[in-house]
Every structure is written in C-alpha cells, then in structure tokens.
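Since the structure comes first, as structure tokens, the remarks are kept for the end.
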Amino acid sequence: MWSDLLSLGGLFLVAFGAATILPFQSEIVFVALQLRGDIAIELIILFASVGNILGSGLNYALGRVLERFHGRRWFPVSDAQLERAREWYLKWGVWTLLFSWAPLGDALTIVAGVMRTNVWLFFLLVSIAKTIRYIVVAMITAAAF
C-alpha cells in the first residue's frame, strides 16, 4: 500500500513537472505504473491528470506575474514576440487550451496567464485536455501490451 502511494506520488510530481517548462516526461512513469498492473488505472489517471493540471496552473500564474516585468532587460520575451503571442491568442482564443497537452502546450498556458484568461475557464479546458490525454495513453498502452 505504501509503495503504491509513493509510486502515485512520484507520478504526480513527474506529471506536475512535465506541465511546466521543466524537461520532464510523465508518460514513461505513467506507462510503467500501468504495466506493473497492481494499481487501479483510474488512480493512475487521476494522479497524473491532477499533477499535470496543477503544473499548468503554475504556468498560468507565472504568465500573470511575469508580464509585470515586461520591458526589463532580462525579460525572456521580446516586445515583438509578446505582441505576436497576444495577436495569436486573440485570434484563436481560449479554445487553444484544449491543446495544452501538446508539446507547445506549456507556452499556451503561460500565454493564457499573460492574457488574463478567466481562471475557471482555464482550469476547465486544461482539465479536459490533460485528462483525455492520459485516458488515451492508458488505452494505447492497454491495447499494445
């Protein structure tokens, strides 16, 4: 039981990190736990999804805070890049958060913070995207093994 909780806690942390700008890959841990076969897949999906969603929430918060420092020499994004991101987000809108599971999804969640997207809508769309991704990973793993 304790080993299961430690495993799920580790998955949560890796999934959290994978949703941030850190170079983590949660799918490897997810699939390993699924293939182990002694933890309910629903728990694996839950812990991975919640960790990944909360990691995206950190990105959102960073986006809201970092914009305050716009214009400083050390700011990581140029004026032109920030303006392009704003135009792109205004064109495609909040629905792009349904792609927050994709490789560039971290950037989308940061831009959502910069653009001050409604936090409830942000978490709703990100939750849908992230949870569906882990369900699909579980289905592919079950079919392949």
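Residue names in the structure tokens use chain letters A, B, ... in the order shown, residue numbers from 1 in each chain, and ligand numbers from 1 in the order shown.
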Q | Spatial neighbours of stretch 64-74 of chain A, max dist 8 Å, only C-alpha atoms, sep filter under 3 positions, as a list in words | A |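 Contacts, with the query itself left out: Tyr60, Ala61, Asp79, Ile110, Gly113, Val114, Met115 and Arg116 of chain A.
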Hey, which bits of stretch 87-144 of chain A sit within 8 Å of stretch 18-33 of chain A, and for each residue what's the closest pair of atoms and how far apart in Å (one decimal), counting only C-alpha atoms, rows by chain and increasing number, as a tab-separated table?
residue	atom	partner	partner_atom	distance
A:Asp106	CA	A:Thr20	CA	6.1
A:Val137	CA	A:Glu27	CA	7.6
A:Ala138	CA	A:Val31	CA	7.3
A:Thr141	CA	A:Val31	CA	6.7
Q. So which one's closest to A:Thr131, A:Ser7, A:Ser49, A:Ser56, A:Gln81? Using only C-alpha atoms, please.
A.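 The shortest atom-to-atom distance to A:Thr131 comes from A:Ser49.
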(Q) Let's see if you can do this: from backbone DSSP, list all alpha helix (DSSP H) residues in stretch 24-98 of chain A, as a PyMOL selection string. (A) chain A and resi 26-36+41-66+79-92
Q: Would you list the contacts of stretch 88-105 of chain A as a list of chain:residue names, taking every protein, DNA or RNA residue within 8 Å and counting only C-alpha atoms, but skipping same-chain residues closer than 3 positions in sequence?
A: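 Neighbouring residues, sequence-local ones excluded: A:Arg84, A:Ala85, A:Leu108, A:Thr109, A:Val111, A:Ala112, A:Thr117, A:Phe122, A:Leu125, A:Val126, A:Ile128, A:Ala129, A:Lys130, A:Arg133.
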Q. Counting only C-alpha atoms, which of A:Asp38, A:Met1, A:Phe12, A:Phe145 gets nearest to A:Leu54?
A.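 Residue with the minimum atom-to-atom distance to A:Leu54: A:Phe12.
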**Q.** Nearest to A:Gly17 by atom-to-atom distance, counting only C-alpha atoms, from A:Val119, A:Leu58, A:Leu124, A:Ala80
**A.** A:Leu58
Q: Tell me, in Å to one decimal, how far atom CA of A:Phe75 is from atom CA of A:Asn59.
A: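 Value for the atom CA of A:Phe75-atom CA of A:Asn59 distance: 15.8 Å.
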Q: Check the smallest atom-to-atom distance from each of A:Leu43, A:Gly9, A:Val77, A:Gly51 to A:Ile135 using only C-alpha atoms, then report the winner.
A: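 Of A:Leu43, A:Gly9, A:Val77, A:Gly51, the one nearest A:Ile135 is A:Leu43, counting only C-alpha atoms.
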Q: Find the distance between atom CA of A:Arg86 and atom CA of A:Leu121 and write it in Å to one decimal.
A: 18.0 Å
